[in-house]
Structures are given as structure tokens and as C-alpha cells.
file structure-v7.cif (mmCIF, C-alpha atoms)
data_coords
#
loop_
_atom_site.label_atom_id
_atom_site.label_comp_id
_atom_site.auth_asym_id
_atom_site.auth_seq_id
_atom_site.Cartn_x
_atom_site.Cartn_y
_atom_site.Cartn_z
CA MET A 1185 105.42 68.18 155.54
CA SER A 1186 103.98 70.40 158.17
CA MET A 1187 104.75 68.02 161.10
CA ASP A 1188 101.87 69.79 162.83
CA ILE A 1189 100.41 66.88 164.70
CA ASP A 1190 97.67 68.03 167.02
CA ILE A 1191 97.99 65.50 169.82
CA GLN A 1192 94.92 66.98 171.57
CA ALA A 1193 92.83 66.16 168.50
CA PHE A 1194 93.12 62.46 169.31
CA ALA A 1195 90.75 62.77 172.27
CA GLY A 1196 93.31 61.94 174.92
CA ALA A 1197 94.68 58.90 173.07
CA ASP A 1198 98.32 59.52 172.21
CA PRO A 1199 98.73 58.60 168.53
CA ILE A 1200 102.51 58.14 168.85
CA LEU A 1201 102.00 55.74 171.78
CA ALA A 1202 99.41 53.88 169.69
CA ILE A 1203 101.95 53.54 166.85
CA ALA A 1204 104.67 52.38 169.26
CA GLU A 1205 102.34 49.80 170.83
CA GLU A 1206 101.38 48.48 167.40
CA VAL A 1207 104.98 48.28 166.17
CA PHE A 1208 106.25 46.54 169.32
CA THR A 1209 103.31 44.14 169.44
CA ALA A 1210 103.49 43.10 165.78
CA MET A 1211 107.21 43.19 165.05
CA ILE A 1212 109.05 42.76 168.32
CA ASP A 1213 107.04 41.06 171.08
CA GLY A 1214 104.43 39.09 169.17
CA GLU A 1215 101.93 40.05 171.90
CA PRO A 1216 100.68 43.32 173.41
CA GLY A 1217 101.54 44.76 176.81
CA HIS A 1218 105.34 44.97 176.85
CA VAL A 1219 105.71 48.63 175.93
CA LEU A 1220 104.28 51.22 178.32
CA PRO A 1221 104.54 54.98 178.73
CA ALA A 1222 107.33 55.83 181.19
CA LEU A 1223 106.74 58.48 183.82
CA SER A 1224 110.05 60.27 183.54
CA ALA A 1225 112.73 61.01 180.95
CA PRO A 1226 115.55 58.49 181.30
CA GLU A 1227 119.32 59.02 181.32
CA LEU A 1228 120.61 56.86 178.46
CA GLY A 1229 124.04 55.35 179.10
CA ASP A 1230 125.85 54.18 175.91
CA PRO A 1231 123.06 55.63 173.76
CA MET A 1232 122.15 54.75 170.19
CA HIS A 1233 119.99 56.85 167.90
CA ALA A 1234 118.00 55.87 164.82
CA TRP A 1235 116.00 58.30 162.72
CA VAL A 1236 114.17 58.93 159.50
CA ASP A 1237 113.39 62.33 158.03
CA VAL A 1238 110.29 63.37 156.17
CA GLN A 1239 111.38 65.85 153.50
CA GLY A 1240 108.77 68.17 152.07
CA THR A 1241 107.88 71.85 151.99
CA THR A 1242 108.83 71.80 155.65
CA SER A 1243 110.71 68.81 157.01
CA GLY A 1244 110.67 66.78 160.18
CA ARG A 1245 112.59 64.03 161.92
CA VAL A 1246 111.38 60.99 163.84
CA LEU A 1247 114.14 60.02 166.28
CA LEU A 1248 114.28 56.84 168.32
CA SER A 1249 116.85 56.74 171.13
CA THR A 1250 117.82 53.91 173.45
CA GLU A 1251 120.81 52.22 175.04
CA ARG A 1252 123.08 49.94 173.03
CA ALA A 1253 122.14 46.91 175.15
CA THR A 1254 118.45 47.59 174.49
CA ALA A 1255 119.15 47.95 170.76
CA ASP A 1256 120.80 44.53 170.89
CA ASP A 1257 117.73 43.07 172.61
CA LEU A 1258 115.46 44.68 170.01
CA ALA A 1259 117.57 43.10 167.24
CA ARG A 1260 117.40 39.69 168.97
CA ALA A 1261 113.62 39.98 169.26
CA LEU A 1262 113.22 41.09 165.63
CA LEU A 1263 115.48 38.34 164.31
CA GLY A 1264 114.14 35.60 166.61
CA MET A 1265 117.58 35.12 168.22
CA GLU A 1266 118.39 33.55 171.58
CA PRO A 1267 118.78 35.95 174.58
CA ASP A 1268 122.53 35.36 174.87
CA GLU A 1269 123.26 35.21 171.14
CA GLU A 1270 125.83 37.72 169.84
CA VAL A 1271 124.33 40.52 167.74
CA SER A 1272 126.51 41.80 164.89
CA THR A 1273 126.86 45.56 164.37
CA GLU A 1274 125.21 45.16 160.97
CA ASP A 1275 122.17 43.47 162.52
CA PHE A 1276 121.59 45.93 165.36
CA VAL A 1277 122.01 48.92 163.00
CA ASP A 1278 119.56 47.29 160.58
CA ALA A 1279 117.09 46.38 163.36
CA LEU A 1280 117.07 49.76 165.13
CA GLY A 1281 116.88 51.58 161.79
CA GLU A 1282 113.94 49.47 160.72
CA VAL A 1283 112.03 50.17 163.96
CA ALA A 1284 112.61 53.93 163.38
CA ASN A 1285 111.56 53.46 159.74
CA VAL A 1286 108.26 51.78 160.59
CA VAL A 1287 107.47 54.27 163.39
CA GLY A 1288 108.41 57.13 161.00
CA GLY A 1289 106.24 55.76 158.20
CA ASN A 1290 103.27 55.59 160.55
CA VAL A 1291 103.93 59.08 161.98
CA LYS A 1292 104.10 60.38 158.40
CA ALA A 1293 100.60 59.01 157.85
CA LEU A 1294 99.34 61.33 160.65
CA VAL A 1295 100.47 64.59 159.06
CA PRO A 1296 98.35 66.42 156.51
CA ASP A 1297 100.92 67.22 153.84
CA PRO A 1298 103.61 64.53 153.94
CA GLY A 1299 106.72 64.58 151.79
CA VAL A 1300 109.26 61.85 151.12
CA LEU A 1301 110.54 59.49 153.83
CA THR A 1302 114.34 59.08 153.87
CA LEU A 1303 116.13 55.78 154.48
CA PRO A 1304 116.89 55.24 158.20
CA GLN A 1305 120.19 56.30 159.76
CA VAL A 1306 121.68 54.86 162.94
CA THR A 1307 124.51 56.47 164.95
CA GLN A 1308 125.99 56.60 168.40
CA GLU A 1309 126.16 60.39 168.20
CA ARG A 1310 122.84 62.08 168.65
CA PRO A 1311 121.96 63.89 165.41
CA PRO A 1312 122.10 67.68 165.89
CA THR A 1313 118.78 69.45 166.43
CA GLN A 1314 118.03 73.12 166.96
CA ASP A 1315 116.81 74.55 170.26
CA GLY A 1316 113.05 74.83 170.31
CA SER A 1317 112.61 72.48 167.35
CA GLN A 1318 111.25 69.56 169.35
CA ILE A 1319 107.60 68.93 168.62
CA TYR A 1320 107.00 65.98 170.87
CA GLU A 1321 108.70 63.40 173.09
CA LEU A 1322 107.41 60.06 174.27
CA ASN A 1323 109.30 58.13 176.95
CA LEU A 1324 108.65 54.41 176.82
CA ASP A 1325 109.35 51.46 179.10
CA TRP A 1326 109.97 48.31 177.05
CA ARG A 1327 110.47 45.33 179.37
CA GLY A 1328 112.09 47.65 181.96
CA ARG A 1329 114.32 49.32 179.34
CA ALA A 1330 114.09 52.94 178.20
CA VAL A 1331 113.16 53.83 174.62
CA VAL A 1332 112.50 57.46 173.65
CA ILE A 1333 110.64 58.54 170.53
CA SER A 1334 110.88 62.24 169.67
CA LEU A 1335 109.64 64.36 166.78
CA TRP A 1336 111.58 67.37 165.52
CA LYS A 1337 111.12 70.18 163.04
CA LEU A 1338 114.05 70.48 160.65
CA PRO A 1339 115.31 73.83 159.31
CA MET B 777 105.44 28.62 144.07
CA ARG B 778 108.58 30.71 143.74
CA VAL B 779 108.44 34.06 145.52
CA LEU B 780 110.89 36.98 145.59
CA VAL B 781 111.12 39.21 148.70
CA ALA B 782 112.79 42.59 148.02
CA ASP B 783 113.73 44.81 150.99
CA ASP B 784 116.94 46.69 151.80
CA SER B 785 116.68 45.62 155.44
CA ARG B 786 117.84 42.04 156.12
CA VAL B 787 115.95 42.21 159.41
CA MET B 788 112.73 43.11 157.61
CA ARG B 789 113.27 40.38 154.95
CA GLN B 790 113.58 37.86 157.79
CA ILE B 791 110.44 39.19 159.46
CA VAL B 792 108.50 39.07 156.18
CA ILE B 793 109.65 35.49 155.52
CA ARG B 794 108.90 34.42 159.12
CA THR B 795 105.44 35.98 158.90
CA LEU B 796 104.76 34.27 155.56
CA ARG B 797 105.57 30.94 157.21
CA GLN B 798 103.34 31.78 160.20
CA ALA B 799 100.58 32.67 157.74
CA GLY B 800 100.80 29.16 156.31
CA TYR B 801 102.85 29.81 153.18
CA ASP B 802 105.60 27.47 154.33
CA TRP B 803 105.46 25.69 150.97
CA TRP B 804 106.72 28.77 149.13
CA GLU B 805 110.25 28.75 147.77
CA ILE B 806 111.52 32.20 148.75
CA SER B 807 114.43 34.19 147.34
CA GLU B 808 115.68 37.52 148.68
CA VAL B 809 117.20 40.67 147.19
CA ALA B 810 118.18 43.98 148.84
CA ASP B 811 117.04 46.59 146.31
CA GLY B 812 114.81 47.25 143.33
CA ALA B 813 117.57 46.95 140.72
CA ALA B 814 118.51 43.49 142.02
CA ALA B 815 114.82 42.58 142.06
CA LEU B 816 114.44 43.60 138.40
CA GLU B 817 117.44 41.46 137.45
CA HIS B 818 116.00 38.53 139.45
CA VAL B 819 112.55 38.70 137.86
CA LYS B 820 114.14 38.74 134.38
CA THR B 821 116.43 35.77 134.95
CA GLU B 822 114.50 33.65 137.48
CA LYS B 823 110.92 34.52 136.55
CA PRO B 824 109.37 34.01 140.02
CA ASP B 825 105.61 33.54 140.37
CA PHE B 826 105.14 36.46 142.74
CA VAL B 827 107.09 39.45 144.11
CA LEU B 828 106.71 41.01 147.59
CA SER B 829 108.53 44.34 147.60
CA ASP B 830 109.38 47.16 149.98
CA TRP B 831 108.70 50.65 148.58
CA ASN B 832 111.58 52.77 149.88
CA MET B 833 114.84 51.10 148.76
CA PRO B 834 118.21 52.32 147.44
CA GLU B 835 119.16 51.90 143.74
CA MET B 836 115.55 51.51 142.60
CA THR B 837 112.39 52.02 144.63
CA GLY B 838 109.62 49.45 144.70
CA ILE B 839 107.23 51.58 142.65
CA ASP B 840 109.93 52.16 140.01
CA LEU B 841 110.57 48.42 139.97
CA LEU B 842 106.89 47.73 139.29
CA ARG B 843 106.61 50.43 136.61
CA THR B 844 109.79 49.19 134.91
CA MET B 845 108.57 45.59 134.99
CA ARG B 846 105.26 46.54 133.40
CA SER B 847 106.88 48.82 130.78
CA GLN B 848 109.10 45.89 129.78
CA GLY B 849 106.15 43.55 129.46
CA ILE B 850 106.92 41.60 132.68
CA ASP B 851 103.52 40.81 134.19
CA ILE B 852 104.60 38.87 137.30
CA PRO B 853 102.20 39.82 140.15
CA LEU B 854 103.69 42.19 142.75
CA GLY B 855 102.48 43.30 146.19
CA PHE B 856 104.03 45.96 148.41
CA VAL B 857 105.04 45.53 152.06
CA THR B 858 106.03 48.99 153.20
CA SER B 859 106.36 51.22 156.26
CA GLU B 860 103.97 53.76 154.74
CA GLY B 861 100.42 53.18 153.64
CA SER B 862 99.12 56.63 152.73
CA ALA B 863 96.11 56.96 150.41
CA GLU B 864 98.38 58.59 147.82
CA MET B 865 100.79 55.63 147.85
CA ARG B 866 97.94 53.15 147.63
CA GLU B 867 96.63 55.01 144.58
CA GLN B 868 100.08 55.00 142.97
CA ALA B 869 100.49 51.29 143.70
CA GLU B 870 97.12 50.43 142.24
CA ALA B 871 97.63 52.62 139.16
CA ALA B 872 100.96 50.88 138.50
CA GLY B 873 99.29 47.48 138.75
CA ALA B 874 100.19 46.27 142.26
CA LEU B 875 97.99 43.55 143.75
CA PHE B 876 97.98 45.11 147.23
CA LEU B 877 99.88 47.25 149.72
CA ILE B 878 100.48 45.93 153.23
CA ALA B 879 101.65 48.63 155.66
CA LYS B 880 104.17 47.74 158.38
CA PRO B 881 103.74 46.69 161.10
CA PHE B 882 101.90 43.58 159.94
CA ASN B 883 101.11 40.16 161.35
CA ALA B 884 100.34 36.70 159.96
CA GLU B 885 96.61 37.36 159.97
CA ILE B 886 96.99 40.49 157.82
CA PHE B 887 99.20 38.52 155.39
CA ARG B 888 96.61 35.72 155.12
CA GLU B 889 93.67 38.10 154.66
CA THR B 890 95.51 40.09 152.01
CA ILE B 891 97.31 37.37 150.07
CA ASP B 892 94.84 34.44 150.20
CA PRO B 893 92.30 36.01 147.78
CA PHE B 894 94.99 36.15 145.09
CA LEU B 895 95.94 32.50 145.45
CA ALA B 896 92.52 31.10 144.67
#

call {"tool": "encode", "arguments": {"input": "structure-v7.cif", "output": "C-alpha cells"}}
result
Amino acid sequence: MSMDIDIQAFAGADPILAIAEEVFTAMIDGEPGHVLPALSAPELGDPMHAWVDVQGTTSGRVLLSTERATADDLARALLGMEPDEEVSTEDFVDALGEVANVVGGNVKALVPDPGVLTLPQVTQERPPTQDGSQIYELNLDWRGRAVVISLWKLP
Amino acid sequence: MRVLVADDSRVMRQIVIRTLRQAGYDWWEISEVADGAAALEHVKTEKPDFVLSDWNMPEMTGIDLLRTMRSQGIDIPLGFVTSEGSAEMREQAEAAGALFLIAKPFNAEIFRETIDPFLA
């Protein structure tokens, strides 16, 4: 896929923010208004990363990064769990991966020549990316917690 | 009505089932499997009335599941619930005989609008 998303072509409306708002409203919060653009890039303590790749003639990565505690809260919201309920590793990996998967599937729909979407991967280590390969970064504030969505070109 | 939900994500299976209930299909008897191969086995042995399947799954994808079912003469209706809804995928789904393709994220209203016409 070309991953050449012309953000300016969306007349000032950020298409990645629109996707994030839709995903959080439908899957996580059940109502709009809880995910907002953040003004600055956050420092993520105890970070977790989830990503899907789009593999085609040229390939790209949709990476979602947040803190472990936020990933737990996302899993609780997705699974309809109580705020203090213990989240298993399996569930938070599944939940964070699925958020990245749905965001990635919708980002893929924006690009002109999409390839194949990979299954999501979730790790504590940030996946390696090359200098200068970042296409876009969106810093989000979800209920006071930082969530970062970034798009990357892959070699 | 016996319905099979196939998705490799347990979280997504739960969300699909929760949304089905919110959409008013709380009378459905729902089974779950985690990939296309398990779904194929289930449709052969349990013969559900309807299958809701993810597209991108390990072992066997949703579209391969549908094509295999049809090539083996299994005509149980199948709809996709998937994170991608490109025109190309919709064409592939329709050509293979899918009832519909719901792109994630979805809500109860989208489920009702899409599924209700096929229940009449």
C-alpha cells in the first residue's frame, strides 16, 4: 500500500482522529466525547504497544501506544468489567490488539492501494522503526489518559 | 435460532455477542469459535442457522470459510463482521455468497438495520 494519506485533503478534519473517535465511541465508551486530541506528546511510563501492518507493494504500520494501566482500563471497558476487576494478560493483549486492529482496518480504507492487513501484535517493547519513516502521529487524551496513534512506512 | 460467532479475538466475540443482545437478539442461542477451521467443523457437526464471522483469522480466514462451505454444499447463511470494509472486500464477500459485511466499529443500531431484513 502506498500509505500516502493526504491529511490536508480532508479539509481540516483529521481522518485518523475521526476513526479514533468512532472506535472509542462505538467499542469502548458507548457514547461520544471521551477521546480528545491532546496538545502535547506524552511520556509513557510502563508503555504497551499494539500494531497491525498493511503489507502490499509498499508496506505500512499502524501503531497504538499507551501505558499498561490504560491498556487495562481499555480492556475493562471493552469487556464490560468492573473498574477494580483484575484484567488477565490474555485479555489486555487481546483488547489492545483488537483496538489497533480496528483502527488499522479503518486507516487501510483511507489509502488508495491497500494490501493485506496482518493480525495484531502486542508487546511491551516498542517495535523498531526507521528514522524518518513516521508518516503521522496523533496524541489522544482518553479520560485523562494518554493514547498515541502513529503511522509508519515499513522498509 | 442457533448462531455461530467466529472471531480470533475473545474480546471481539464478547463485544459482538453483547451488541447482538443490545440489538434485541437476546433470544438467539450463540456459540463461539476462534478461527475459520473451527467454524467449518462447527457448521458441519452442529448445523447452526446463521454464522457471523470475522474476516482476518488464523488457520482459515472468513472468506475461505465461506467459499469452503459453499463448495461443500453447506448453504447456511453467513455475514461478516470485520475491521475492514473496503469495496474490494465487499465485492468478494458478495461474490462468495455472504449476506452482508458489517465493518468494525459497529453498534446495536447498525446490527439491527443490517440483520433485521434477513430475519423476515

call {"tool": "interface_residues", "arguments": {"input": "structure-v7.cif", "of": "chain A", "to": "chain B", "cutoff": "6 Å", "atoms": "all atoms listed in the file", "output": "VMD selection string"}}
result
chain A and resid 1207 1210 1279 1286 1289 1293

call {"tool": "atom_distance", "arguments": {"input": "structure-v7.cif", "atom1": "CA of Asn1290 (chain A)", "atom2": "CA of Pro1267 (chain A)"}}
result
28.7 Å

call {"tool": "axis_aligned_box", "arguments": {"input": "structure-v7.cif", "around": "region 867-877 of chain B", "padding_each_side": "6 Å", "output": "lines of an AutoDock Vina configuration file"}}
result
center_x = 98.8
center_y = 49.3
center_z = 144.1
size_x = 16.3
size_y = 23.5
size_z = 23.2

call {"tool": "closest_residue", "arguments": {"input": "structure-v7.cif", "among": "B:Pro893, B:Gly812, B:Gly855, B:Gly873", "to": "Gly838 (chain B)", "atoms": "all atoms listed in the file"}}
result
B:Gly812

call {"tool": "residues_around", "arguments": {"input": "structure-v7.cif", "residues": "region 1235-1239 of chain A", "least_positions_apart": "6", "cutoff": "6 Å", "atoms": "only C-alpha atoms", "output": "ChimeraX atom specification"}}
result
/A:1245-1247,1284,1299-1302,1304-1305

call {"tool": "resolve_selection", "arguments": {"input": "structure-v7.cif", "expression": "the PyMOL selection byres ((chain A and resi 1250) around 6)", "output": "ChimeraX atom specification"}}
result
/A:1231-1232,1249,1251,1331

call {"tool": "atom_distance", "arguments": {"input": "structure-v7.cif", "atom1": "CA of Glu822 (chain B)", "atom2": "CA of Glu867 (chain B)"}}
result
28.7 Å

call {"tool": "residues_around", "arguments": {"input": "structure-v7.cif", "residues": "Ile1333 (chain A)", "least_positions_apart": "6", "cutoff": "6 Å", "atoms": "only C-alpha atoms", "output": "ChimeraX atom specification"}}
result
/A:1247-1248,1321-1322

call {"tool": "resolve_selection", "arguments": {"input": "structure-v7.cif", "expression": "the PyMOL selection byres ((chain B and resi 806) around 9)", "output": "number ranges by chain"}}
result
B: 777-781, 793, 804-805, 807-808

call {"tool": "atom_distance", "arguments": {"input": "structure-v7.cif", "atom1": "CA of Val1295 (chain A)", "atom2": "CA of Ala874 (chain B)"}}
result
24.9 Å

call {"tool": "closest_residue", "arguments": {"input": "structure-v7.cif", "among": "A:Leu1223, A:Leu1228, A:Val1291, A:Met1211", "to": "Ala1261 (chain A)", "atoms": "only C-alpha atoms"}}
result
A:Met1211

call {"tool": "resolve_selection", "arguments": {"input": "structure-v7.cif", "expression": "the PyMOL selection byres ((chain B and resi 828) around 7)", "output": "mmCIF file with C-alpha atoms, in the frame of the given file"}}
result
data_model
loop_
_atom_site.group_PDB
_atom_site.id
_atom_site.type_symbol
_atom_site.label_atom_id
_atom_site.label_comp_id
_atom_site.auth_asym_id
_atom_site.auth_seq_id
_atom_site.Cartn_x
_atom_site.Cartn_y
_atom_site.Cartn_z
ATOM 1 C CA LEU B 780 110.890 36.980 145.590
ATOM 2 C CA VAL B 781 111.120 39.210 148.700
ATOM 3 C CA ALA B 782 112.790 42.590 148.020
ATOM 4 C CA PHE B 826 105.140 36.460 142.740
ATOM 5 C CA VAL B 827 107.090 39.450 144.110
ATOM 6 C CA SER B 829 108.530 44.340 147.600
ATOM 7 C CA LEU B 854 103.690 42.190 142.750
ATOM 8 C CA GLY B 855 102.480 43.300 146.190
ATOM 9 C CA PHE B 856 104.030 45.960 148.410
ATOM 10 C CA VAL B 857 105.040 45.530 152.060
#
